[in-house]
file data_28.cif (mmCIF, C-alpha atoms)
data_coords
#
loop_
_atom_site.label_atom_id
_atom_site.label_comp_id
_atom_site.auth_asym_id
_atom_site.auth_seq_id
_atom_site.Cartn_x
_atom_site.Cartn_y
_atom_site.Cartn_z
CA GLU P 277 31.52 14.03 1.74
CA SER P 278 27.97 14.24 3.04
CA GLU P 279 28.61 17.81 4.16
CA GLU P 280 29.68 18.78 0.64
CA ARG P 281 26.53 17.25 -0.82
CA ALA P 282 24.25 18.88 1.71
CA PRO P 283 22.17 21.92 0.83
CA SER P 284 23.84 24.86 2.53
CA GLU P 285 21.17 27.33 1.56
CA VAL P 286 17.49 26.89 0.96
CA SER P 287 15.37 29.64 -0.49
CA PHE P 288 12.07 30.29 -2.14
CA GLN P 289 10.57 33.22 -3.96
CA MET P 290 6.92 33.72 -4.69
CA ASP P 291 7.09 36.11 -7.62
CA PRO P 292 6.69 35.67 -10.51
CA CYS P 293 6.85 31.87 -10.86
CA TYR P 294 6.65 30.56 -7.30
CA GLU P 295 10.14 29.13 -7.29
CA LEU P 296 11.50 26.78 -4.62
CA SER P 297 15.21 25.98 -4.72
CA ILE P 298 17.69 24.18 -2.50
CA ALA P 299 21.31 25.01 -3.24
CA ARG P 300 23.97 22.30 -3.36
CA ALA P 301 21.56 19.41 -3.04
CA SER P 302 22.77 16.50 -5.13
CA PRO P 303 21.55 17.15 -7.80
CA PRO P 304 20.22 20.69 -7.14
CA LEU P 305 16.52 20.82 -6.32
CA ARG P 306 14.81 23.59 -8.23
CA VAL P 307 11.06 23.77 -8.66
CA GLN P 308 9.04 26.37 -10.51
CA LEU P 309 5.28 26.63 -10.35
CA SER P 310 3.72 28.38 -13.32
CA PRO P 311 0.54 30.47 -13.10
CA SER P 312 -1.45 27.50 -14.43
CA ASP P 313 0.10 25.24 -11.77
CA MET P 314 -0.90 27.74 -9.11
CA HIS P 315 -4.42 27.97 -10.52
CA ALA P 316 -4.79 24.19 -10.24
CA LEU P 317 -3.38 24.21 -6.70
CA ARG P 318 -5.69 27.00 -5.59
CA LEU P 319 -8.77 25.36 -7.07
CA LEU P 320 -7.93 22.02 -5.47
CA ALA P 321 -7.21 23.58 -2.07
CA LYS P 322 -10.44 25.57 -2.16
CA THR P 323 -12.49 22.52 -3.19
CA LEU P 324 -10.87 20.47 -0.43
CA ALA P 325 -11.56 23.22 2.13
CA ASN P 326 -15.23 23.31 1.13
CA SER P 327 -15.43 19.52 1.41
CA MET P 328 -13.87 19.56 4.88
CA LEU P 329 -16.28 22.30 5.94
CA ARG P 330 -19.13 19.95 5.11
CA LEU P 331 -17.58 16.66 6.28
CA VAL P 332 -15.74 17.74 9.42
CA LEU P 333 -15.91 21.35 10.53
CA GLY P 334 -19.62 22.02 10.16
CA TRP P 335 -21.01 19.32 12.40
CA LYS P 336 -18.17 19.73 14.90
CA ARG P 337 -18.79 23.48 14.93
CA LEU P 338 -15.12 24.28 14.52
CA GLY P 339 -13.77 27.41 12.89
CA ARG P 340 -12.35 27.04 9.42
CA HIS P 341 -9.15 28.88 10.32
CA SER P 342 -8.86 27.75 13.94
CA GLU P 343 -6.07 25.48 15.16
CA ASP P 344 -8.61 22.96 16.44
CA GLY P 345 -10.36 22.99 13.08
CA ALA P 346 -7.12 22.44 11.17
CA LEU P 347 -6.17 19.53 13.41
CA ALA P 348 -9.62 17.94 13.09
CA VAL P 349 -9.30 18.05 9.29
CA LEU P 350 -5.82 16.51 9.35
CA GLN P 351 -6.98 13.75 11.68
CA HIS P 352 -9.89 13.03 9.34
CA VAL P 353 -7.51 12.79 6.38
CA ARG P 354 -5.35 10.33 8.31
CA LYS P 355 -8.33 8.22 9.34
CA VAL P 356 -9.62 7.96 5.76
CA ALA P 357 -6.19 7.20 4.29
CA LEU P 358 -5.32 4.50 6.82
CA LYS P 359 -8.69 2.86 6.23
CA LYS P 360 -8.04 2.73 2.47
CA ALA P 361 -4.49 1.36 2.84
CA ASP P 362 -3.18 -2.17 3.14
CA SER P 363 -2.66 -2.17 6.91
CA SER P 364 -0.17 -5.05 6.83
CA LYS P 365 2.23 -3.04 4.66
CA ASP P 366 1.16 0.57 5.26
CA VAL P 367 0.83 0.86 1.48
CA LEU P 368 -1.81 2.82 -0.40
CA SER P 369 -2.44 1.35 -3.86
CA ARG P 370 -3.49 3.49 -6.78
CA ARG P 371 -7.02 2.22 -6.32
CA GLY P 372 -6.87 3.02 -2.62
CA PHE P 373 -5.48 6.46 -3.40
CA ASP P 374 -8.32 7.19 -5.80
CA GLY P 375 -10.86 6.03 -3.23
CA CYS P 376 -9.22 8.17 -0.57
CA VAL P 377 -9.27 11.26 -2.77
CA LEU P 378 -12.93 10.74 -3.65
CA ALA P 379 -13.76 10.47 0.05
CA LEU P 380 -11.90 13.70 0.85
CA VAL P 381 -12.42 15.99 -2.14
CA ASP P 382 -15.92 16.53 -3.45
CA ILE P 383 -15.10 17.33 -7.06
CA ASP P 384 -18.65 16.54 -8.18
CA GLU P 385 -19.55 20.11 -7.28
CA LEU P 386 -17.25 21.33 -10.06
CA GLU P 387 -17.74 21.56 -13.79
CA ARG P 388 -16.02 18.90 -15.87
CA ALA P 389 -13.18 21.20 -16.93
CA GLN P 390 -12.55 22.15 -13.30
CA GLN P 391 -12.58 18.49 -12.27
CA ALA P 392 -9.75 17.84 -14.72
CA ILE P 393 -7.80 20.80 -13.32
CA CYS P 394 -8.19 19.50 -9.74
CA SER P 395 -7.21 15.97 -10.75
CA ALA P 396 -3.87 17.05 -12.25
CA PRO P 397 -2.04 17.94 -8.98
CA LEU P 398 -3.51 14.88 -7.25
CA ASP P 399 -2.24 12.58 -9.98
CA ALA P 400 1.14 14.34 -9.87
CA LEU P 401 1.30 13.85 -6.10
CA PHE P 402 0.72 10.11 -6.40
CA ARG P 403 3.36 9.73 -9.12
CA ALA P 404 5.87 11.75 -7.09
CA LEU P 405 5.30 9.58 -4.00
CA ASP P 406 5.47 6.38 -6.07
CA ARG P 407 9.26 6.59 -6.29
CA ASN P 408 9.74 2.93 -7.25
CA HIS P 409 6.98 2.97 -9.87
CA ALA P 410 5.26 0.14 -7.98
CA ASP P 411 1.74 1.57 -8.28
CA GLY P 412 1.66 1.95 -4.51
CA ILE P 413 2.80 4.57 -2.01
CA ASP P 414 3.66 4.78 1.69
CA VAL P 415 0.35 5.76 3.29
CA ARG P 416 1.92 7.78 6.11
CA GLU P 417 4.04 9.76 3.67
CA PHE P 418 0.89 10.38 1.63
CA ILE P 419 -0.94 11.66 4.71
CA ILE P 420 1.88 14.11 5.43
CA ALA P 421 2.21 15.20 1.80
CA PHE P 422 -1.56 15.67 1.44
CA SER P 423 -1.61 17.84 4.56
CA VAL P 424 0.10 20.57 2.52
CA LEU P 425 -3.20 21.00 0.67
CA CYS P 426 -5.13 21.46 3.92
CA GLY P 427 -5.54 24.57 6.02
CA GLY P 428 -3.47 25.08 9.14
CA SER P 429 -0.20 26.61 10.25
CA LYS P 430 3.28 25.24 9.71
CA SER P 431 3.51 24.33 13.39
CA VAL P 432 0.24 22.37 13.37
CA LYS P 433 1.28 20.42 10.27
CA LEU P 434 4.78 19.65 11.57
CA ALA P 435 3.37 18.38 14.87
CA PHE P 436 0.77 16.32 13.00
CA ALA P 437 3.42 14.84 10.70
CA PHE P 438 5.61 13.96 13.68
CA GLU P 439 2.69 12.22 15.37
CA THR P 440 1.73 10.40 12.16
CA LEU P 441 5.18 8.83 11.84
CA ASP P 442 5.33 8.03 15.56
CA ALA P 443 3.32 4.83 15.05
CA LYS P 444 4.39 3.40 18.43
CA ARG P 445 3.40 6.64 20.22
CA GLU P 446 6.78 7.02 21.87
CA GLU P 447 6.84 10.79 21.23
CA GLN P 448 10.14 10.24 19.41
CA LEU P 449 11.32 9.61 15.86
CA ASP P 450 14.49 7.93 14.70
CA ARG P 451 16.69 9.36 11.96
CA GLN P 452 14.96 7.48 9.17
CA GLU P 453 11.50 8.54 10.34
CA LEU P 454 12.57 12.18 10.59
CA ARG P 455 14.00 11.92 7.08
CA ARG P 456 10.62 10.64 5.88
CA LEU P 457 8.94 13.66 7.46
CA PHE P 458 11.07 16.13 5.49
CA ARG P 459 10.92 14.01 2.34
CA SER P 460 7.13 13.86 2.40
CA PHE P 461 6.72 17.62 2.62
CA LEU P 462 9.35 18.31 -0.05
CA THR P 463 7.81 15.74 -2.36
CA ALA P 464 4.44 17.45 -2.11
CA LEU P 465 5.86 20.92 -2.72
CA SER P 466 7.85 19.79 -5.75
CA SER P 467 5.02 17.70 -7.23
CA PHE P 468 2.84 20.76 -7.83
CA SER P 469 5.05 21.70 -10.77
CA LEU P 470 2.81 19.85 -13.20
CA GLY P 471 4.90 20.05 -16.35
CA MET P 472 7.65 17.69 -15.18
CA SER P 473 8.56 14.64 -17.22
CA GLU P 474 9.08 11.22 -15.63
CA GLN P 475 12.84 11.70 -15.86
CA GLU P 476 12.66 15.12 -14.22
CA ARG P 477 10.49 13.67 -11.47
CA ASP P 478 13.05 10.94 -10.79
CA GLU P 479 15.84 13.53 -10.68
CA LYS P 480 13.83 15.64 -8.25
CA SER P 481 13.35 12.55 -6.08
CA VAL P 482 17.13 12.15 -5.74
CA ALA P 483 17.52 15.81 -4.82
CA ILE P 484 14.66 15.62 -2.33
CA GLU P 485 16.28 12.64 -0.62
CA ALA P 486 19.57 14.54 -0.31
CA ALA P 487 17.80 17.56 1.17
CA ALA P 488 15.81 15.39 3.60
CA VAL P 489 18.98 13.62 4.76
CA TRP P 490 20.68 16.96 5.32
CA ALA P 491 17.76 18.42 7.29
CA SER P 492 17.32 15.36 9.50
CA GLU P 493 21.03 15.18 10.29
CA ARG P 494 21.11 18.88 11.13
CA VAL P 495 18.27 18.41 13.62
CA PHE P 496 20.36 15.87 15.51
CA GLU P 497 23.50 18.00 15.35
CA VAL P 498 22.04 21.40 16.19
CA ALA P 499 19.62 20.30 18.91
CA GLY P 500 22.39 18.54 20.85
CA ILE P 501 20.34 15.39 21.29
CA SER P 502 21.61 13.05 24.01
CA ASP P 503 20.16 9.95 22.36
CA PRO P 504 22.11 9.59 19.08
CA ASP P 505 19.24 7.84 17.32
CA ARG P 506 16.00 9.42 18.63
CA CYS P 507 14.61 12.94 18.62
CA THR P 508 11.55 14.61 20.11
CA PHE P 509 9.31 17.25 18.56
CA GLY P 510 10.98 19.71 20.91
CA ASP P 511 14.32 18.86 19.28
CA LEU P 512 12.83 19.61 15.87
CA ALA P 513 11.53 22.95 17.16
CA THR P 514 14.96 23.77 18.62
CA TRP P 515 16.61 23.14 15.25
CA TYR P 516 14.05 25.25 13.42
CA ASP P 517 14.48 28.23 15.75
CA ALA P 518 18.28 27.99 15.64
CA GLU P 519 18.84 27.26 11.97
CA GLY P 520 15.85 25.92 10.06
CA ILE P 521 14.09 29.26 9.84
CA ARG P 522 17.07 30.54 7.81
CA LYS P 523 18.23 27.46 5.93
CA ALA P 524 14.91 25.73 5.34
CA PRO P 525 12.42 28.58 4.80
CA TRP P 526 10.52 26.31 2.40
CA LEU P 527 8.88 24.93 5.54
CA GLU P 528 6.91 28.19 5.65
CA LEU P 529 5.09 26.96 2.53
CA LEU P 530 3.36 24.31 4.63
CA ASP P 531 0.97 27.14 5.52
CA LEU P 532 -1.17 27.79 2.44
CA ARG P 533 -1.65 31.39 3.50
CA LYS P 534 2.00 31.96 2.52
CA TRP P 535 1.31 31.00 -1.09
CA THR P 536 0.85 34.58 -2.26
CA SER P 537 3.20 36.82 -4.20
CA GLU P 538 3.71 40.55 -3.82
CA GLY P 539 1.21 41.20 -6.58
CA GLU P 540 -1.45 39.11 -4.88
CA LYS P 541 -1.47 40.75 -1.45
CA GLY P 542 -4.96 41.70 -0.52
CA ASN P 543 -6.47 38.90 -2.58
CA GLU P 544 -7.94 35.71 -1.17
CA ASP P 545 -5.63 33.15 0.35
CA VAL P 546 -5.26 29.74 -1.23
CA ASP P 547 -7.39 28.01 1.36
CA THR P 548 -10.31 30.40 1.39
#
call {"tool": "encode", "arguments": {"input": "data_28.cif", "output": "structure tokens"}}
result
Amino acid sequence: ESEERAPSEVSFQMDPCYELSIARASPPLRVQLSPSDMHALRLLAKTLANSMLRLVLGWKRLGRHSEDGALAVLQHVRKVALKKADSSKDVLSRRGFDGCVLALVDIDELERAQQAICSAPLDALFRALDRNHADGIDVREFIIAFSVLCGGSKSVKLAFAFETLDAKREEQLDRQELRRLFRSFLTALSSFSLGMSEQERDEKSVAIEAAAVWASERVFEVAGISDPDRCTFGDLATWYDAEGIRKAPWLELLDLRKWTSEGEKGNEDVDT
């Protein structure tokens, strides 16, 4: 039954509406980002990049597009988020989320209208992660989801996400933790469609969970893992090379430089 419910094909297209779809998820996951959604995403990513240049990269003398620079930014995001969270529960309240965002994104440099535009995808991200409507979100899932807005390659972000969920530093994740990794990224990507109603958001959450379950189970099956309940980052890489690159190409969207359509080639990337 789980095989029937699993997404057998995952695809995305960047023109004209930046559509992400996962076939045969239960229910089907289909996300469309309008031009106004993309404008908000680009403005937020650019503002965040400028903030990180001032807060992290400048004084560390790291290149904006270097791997070391990307990792330093992600580590800073994690440090700030964990500090704002309730450490006993690993929960980030709405107040903690707002404080975290203010510490990471310097929106004061923007005009009031632009501040509102930047706030929209951030608010949507919190609501998407707050699946139980409890006014609180899993801080580690937030860190991973927020990383989508940062610079850096897919590989850097996947490795960072793996490390973030490996709280015991065992260099392994169990099935549930791996599922959280995929779920966090998919939640972020789907949340940027800003016109969704609460009902649509809840429906997307069900589809995201189905897709995350499928992907995590496929990692264990394809990589031929000896331990039935634990996987390494190498196992994740093995799955991606063997199957994920074809069946989960949405992972390419973890790199903001891929967020361009045919008509935008030659223009600035999202994170510049």
call {"tool": "axis_aligned_box", "arguments": {"input": "data_28.cif", "around": "range 344-361 of chain P", "padding_each_side": "8 Å", "output": "JSON"}}
result
{"center_x": -7.4, "center_y": 12.2, "center_z": 9.5, "size_x": 21.9, "size_y": 37.6, "size_z": 30.0}
call {"tool": "resolve_selection", "arguments": {"input": "data_28.cif", "expression": "the PyMOL selection byres ((chain P and resi 329) around 12)", "output": "MDAnalysis selection string"}}
result
chainID P and resid 322:328 330:341 345:346 348:349 352 380:382 426:427 547:548
call {"tool": "resolve_selection", "arguments": {"input": "data_28.cif", "expression": "the PyMOL selection byres ((chain P and resi 471) around 10)", "output": "tab-separated table (two decimals) with C-alpha atoms, in the coordinates of the input"}}
result
chain	number	residue	atom	x	y	z
P	308	GLN	CA	9.04	26.37	-10.51
P	309	LEU	CA	5.28	26.63	-10.35
P	310	SER	CA	3.72	28.38	-13.32
P	312	SER	CA	-1.45	27.50	-14.43
P	313	ASP	CA	0.10	25.24	-11.77
P	400	ALA	CA	1.14	14.34	-9.87
P	467	SER	CA	5.02	17.70	-7.23
P	468	PHE	CA	2.84	20.76	-7.83
P	469	SER	CA	5.05	21.70	-10.77
P	470	LEU	CA	2.81	19.85	-13.20
P	472	MET	CA	7.65	17.69	-15.18
P	473	SER	CA	8.56	14.64	-17.22
P	474	GLU	CA	9.08	11.22	-15.63
P	476	GLU	CA	12.66	15.12	-14.22
P	477	ARG	CA	10.49	13.67	-11.47
call {"tool": "atom_distance", "arguments": {"input": "data_28.cif", "atom1": "CA of Leu457 in chain P", "atom2": "CA of Ala437 in chain P"}}
result
6.5 Å
call {"tool": "resolve_selection", "arguments": {"input": "data_28.cif", "expression": "the PyMOL selection byres ((chain P and resi 378) around 12)", "output": "ChimeraX atom specification"}}
result
/P:323-324,327,353,356-357,360,371-377,379-384,391,394-395,398
call {"tool": "residues_around", "arguments": {"input": "data_28.cif", "residues": "Ala421 in chain P", "least_positions_apart": "3", "cutoff": "6 Å", "atoms": "all atoms listed in the file", "output": "PDB file with C-alpha atoms, keeping the file's coordinate frame"}}
result
ATOM      1  CA  PHE P 418       0.890  10.380   1.630  1.00  0.00           C
ATOM      2  CA  VAL P 424       0.100  20.570   2.520  1.00  0.00           C
ATOM      3  CA  SER P 460       7.130  13.860   2.400  1.00  0.00           C
ATOM      4  CA  PHE P 461       6.720  17.620   2.620  1.00  0.00           C
ATOM      5  CA  ALA P 464       4.440  17.450  -2.110  1.00  0.00           C
TER       6      ALA P 464
END
call {"tool": "closest_residue", "arguments": {"input": "data_28.cif", "among": "P:Leu512, P:Val415, P:Ala389, P:Ala396", "to": "Leu358 in chain P", "atoms": "all atoms listed in the file"}}
result
P:Val415
call {"tool": "decode", "arguments": {"input": "data_28.cif", "residues": "range 475-488 of chain P", "atoms": "all heavy atoms", "output": "PDB file, in the first residue's frame"}}
result
ATOM      1  N   GLN P 475      -6.554  25.799   4.713  1.00  0.00           N
ATOM      2  CA  GLN P 475      -6.928  24.445   4.310  1.00  0.00           C
ATOM      3  C   GLN P 475      -5.945  23.887   3.289  1.00  0.00           C
ATOM      4  O   GLN P 475      -5.520  22.724   3.382  1.00  0.00           O
ATOM      5  CB  GLN P 475      -8.341  24.436   3.717  1.00  0.00           C
ATOM      6  CG  GLN P 475      -8.795  23.044   3.267  1.00  0.00           C
ATOM      7  CD  GLN P 475     -10.202  23.052   2.698  1.00  0.00           C
ATOM      8  OE1 GLN P 475     -10.942  24.023   2.857  1.00  0.00           O
ATOM      9  NE2 GLN P 475     -10.580  21.974   2.037  1.00  0.00           N
ATOM     10  N   GLU P 476      -5.566  24.706   2.322  1.00  0.00           N
ATOM     11  CA  GLU P 476      -4.596  24.263   1.318  1.00  0.00           C
ATOM     12  C   GLU P 476      -3.252  23.953   1.964  1.00  0.00           C
ATOM     13  O   GLU P 476      -2.575  22.991   1.589  1.00  0.00           O
ATOM     14  CB  GLU P 476      -4.426  25.345   0.251  1.00  0.00           C
ATOM     15  CG  GLU P 476      -5.616  25.506  -0.671  1.00  0.00           C
ATOM     16  CD  GLU P 476      -5.462  26.693  -1.595  1.00  0.00           C
ATOM     17  OE1 GLU P 476      -4.938  27.741  -1.145  1.00  0.00           O
ATOM     18  OE2 GLU P 476      -5.864  26.581  -2.770  1.00  0.00           O
ATOM     19  N   ARG P 477      -2.882  24.743   2.959  1.00  0.00           N
ATOM     20  CA  ARG P 477      -1.614  24.516   3.652  1.00  0.00           C
ATOM     21  C   ARG P 477      -1.641  23.180   4.395  1.00  0.00           C
ATOM     22  O   ARG P 477      -0.661  22.428   4.384  1.00  0.00           O
ATOM     23  CB  ARG P 477      -1.339  25.670   4.615  1.00  0.00           C
ATOM     24  CG  ARG P 477       0.083  25.674   5.180  1.00  0.00           C
ATOM     25  CD  ARG P 477       0.342  26.918   6.006  1.00  0.00           C
ATOM     26  NE  ARG P 477       0.278  28.114   5.188  1.00  0.00           N
ATOM     27  CZ  ARG P 477      -0.707  28.997   5.226  1.00  0.00           C
ATOM     28  NH1 ARG P 477      -1.722  28.816   6.047  1.00  0.00           N
ATOM     29  NH2 ARG P 477      -0.699  30.055   4.457  1.00  0.00           N
ATOM     30  N   ASP P 478      -2.772  22.875   5.021  1.00  0.00           N
ATOM     31  CA  ASP P 478      -2.905  21.598   5.726  1.00  0.00           C
ATOM     32  C   ASP P 478      -2.855  20.426   4.745  1.00  0.00           C
ATOM     33  O   ASP P 478      -2.258  19.380   5.033  1.00  0.00           O
ATOM     34  CB  ASP P 478      -4.211  21.560   6.514  1.00  0.00           C
ATOM     35  CG  ASP P 478      -4.195  22.490   7.723  1.00  0.00           C
ATOM     36  OD1 ASP P 478      -3.088  22.883   8.147  1.00  0.00           O
ATOM     37  OD2 ASP P 478      -5.279  22.826   8.235  1.00  0.00           O
ATOM     38  N   GLU P 479      -3.477  20.591   3.586  1.00  0.00           N
ATOM     39  CA  GLU P 479      -3.448  19.539   2.568  1.00  0.00           C
ATOM     40  C   GLU P 479      -2.031  19.334   2.045  1.00  0.00           C
ATOM     41  O   GLU P 479      -1.592  18.199   1.821  1.00  0.00           O
ATOM     42  CB  GLU P 479      -4.396  19.900   1.419  1.00  0.00           C
ATOM     43  CG  GLU P 479      -5.870  19.846   1.807  1.00  0.00           C
ATOM     44  CD  GLU P 479      -6.781  20.388   0.720  1.00  0.00           C
ATOM     45  OE1 GLU P 479      -6.252  20.923  -0.284  1.00  0.00           O
ATOM     46  OE2 GLU P 479      -8.013  20.270   0.866  1.00  0.00           O
ATOM     47  N   LYS P 480      -1.312  20.430   1.855  1.00  0.00           N
ATOM     48  CA  LYS P 480       0.082  20.331   1.407  1.00  0.00           C
ATOM     49  C   LYS P 480       0.920  19.603   2.447  1.00  0.00           C
ATOM     50  O   LYS P 480       1.825  18.837   2.120  1.00  0.00           O
ATOM     51  CB  LYS P 480       0.658  21.730   1.166  1.00  0.00           C
ATOM     52  CG  LYS P 480       0.083  22.468  -0.030  1.00  0.00           C
ATOM     53  CD  LYS P 480       0.570  21.886  -1.336  1.00  0.00           C
ATOM     54  CE  LYS P 480       0.160  22.755  -2.520  1.00  0.00           C
ATOM     55  NZ  LYS P 480      -1.284  22.827  -2.724  1.00  0.00           N
ATOM     56  N   SER P 481       0.620  19.832   3.726  1.00  0.00           N
ATOM     57  CA  SER P 481       1.374  19.195   4.801  1.00  0.00           C
ATOM     58  C   SER P 481       1.244  17.677   4.741  1.00  0.00           C
ATOM     59  O   SER P 481       2.222  16.943   4.951  1.00  0.00           O
ATOM     60  CB  SER P 481       0.886  19.719   6.158  1.00  0.00           C
ATOM     61  OG  SER P 481       1.600  19.127   7.215  1.00  0.00           O
ATOM     62  N   VAL P 482       0.043  17.193   4.430  1.00  0.00           N
ATOM     63  CA  VAL P 482      -0.182  15.750   4.295  1.00  0.00           C
ATOM     64  C   VAL P 482       0.615  15.197   3.118  1.00  0.00           C
ATOM     65  O   VAL P 482       1.257  14.141   3.209  1.00  0.00           O
ATOM     66  CB  VAL P 482      -1.684  15.452   4.115  1.00  0.00           C
ATOM     67  CG1 VAL P 482      -1.914  13.967   3.819  1.00  0.00           C
ATOM     68  CG2 VAL P 482      -2.462  15.866   5.358  1.00  0.00           C
ATOM     69  N   ALA P 483       0.598  15.921   2.010  1.00  0.00           N
ATOM     70  CA  ALA P 483       1.332  15.483   0.821  1.00  0.00           C
ATOM     71  C   ALA P 483       2.839  15.509   1.061  1.00  0.00           C
ATOM     72  O   ALA P 483       3.569  14.614   0.621  1.00  0.00           O
ATOM     73  CB  ALA P 483       0.975  16.380  -0.364  1.00  0.00           C
ATOM     74  N   ILE P 484       3.301  16.527   1.763  1.00  0.00           N
ATOM     75  CA  ILE P 484       4.728  16.631   2.078  1.00  0.00           C
ATOM     76  C   ILE P 484       5.172  15.458   2.938  1.00  0.00           C
ATOM     77  O   ILE P 484       6.238  14.872   2.722  1.00  0.00           O
ATOM     78  CB  ILE P 484       5.016  17.970   2.790  1.00  0.00           C
ATOM     79  CG1 ILE P 484       4.944  19.120   1.776  1.00  0.00           C
ATOM     80  CG2 ILE P 484       6.377  17.953   3.480  1.00  0.00           C
ATOM     81  CD1 ILE P 484       4.942  20.492   2.410  1.00  0.00           C
ATOM     82  N   GLU P 485       4.349  15.098   3.912  1.00  0.00           N
ATOM     83  CA  GLU P 485       4.687  13.966   4.782  1.00  0.00           C
ATOM     84  C   GLU P 485       4.797  12.680   3.966  1.00  0.00           C
ATOM     85  O   GLU P 485       5.725  11.882   4.162  1.00  0.00           O
ATOM     86  CB  GLU P 485       3.623  13.812   5.872  1.00  0.00           C
ATOM     87  CG  GLU P 485       3.950  12.776   6.929  1.00  0.00           C
ATOM     88  CD  GLU P 485       5.142  13.162   7.788  1.00  0.00           C
ATOM     89  OE1 GLU P 485       5.406  14.370   7.940  1.00  0.00           O
ATOM     90  OE2 GLU P 485       5.821  12.243   8.307  1.00  0.00           O
ATOM     91  N   ALA P 486       3.864  12.478   3.034  1.00  0.00           N
ATOM     92  CA  ALA P 486       3.903  11.281   2.191  1.00  0.00           C
ATOM     93  C   ALA P 486       5.170  11.252   1.342  1.00  0.00           C
ATOM     94  O   ALA P 486       5.821  10.211   1.196  1.00  0.00           O
ATOM     95  CB  ALA P 486       2.664  11.234   1.297  1.00  0.00           C
ATOM     96  N   ALA P 487       5.533  12.400   0.783  1.00  0.00           N
ATOM     97  CA  ALA P 487       6.738  12.474  -0.042  1.00  0.00           C
ATOM     98  C   ALA P 487       7.995  12.252   0.791  1.00  0.00           C
ATOM     99  O   ALA P 487       8.947  11.595   0.343  1.00  0.00           O
ATOM    100  CB  ALA P 487       6.803  13.832  -0.740  1.00  0.00           C
ATOM    101  N   ALA P 488       8.017  12.792   2.009  1.00  0.00           N
ATOM    102  CA  ALA P 488       9.178  12.629   2.888  1.00  0.00           C
ATOM    103  C   ALA P 488       9.339  11.175   3.320  1.00  0.00           C
ATOM    104  O   ALA P 488      10.465  10.655   3.397  1.00  0.00           O
ATOM    105  CB  ALA P 488       9.037  13.536   4.111  1.00  0.00           C
TER     106      ALA P 488
END
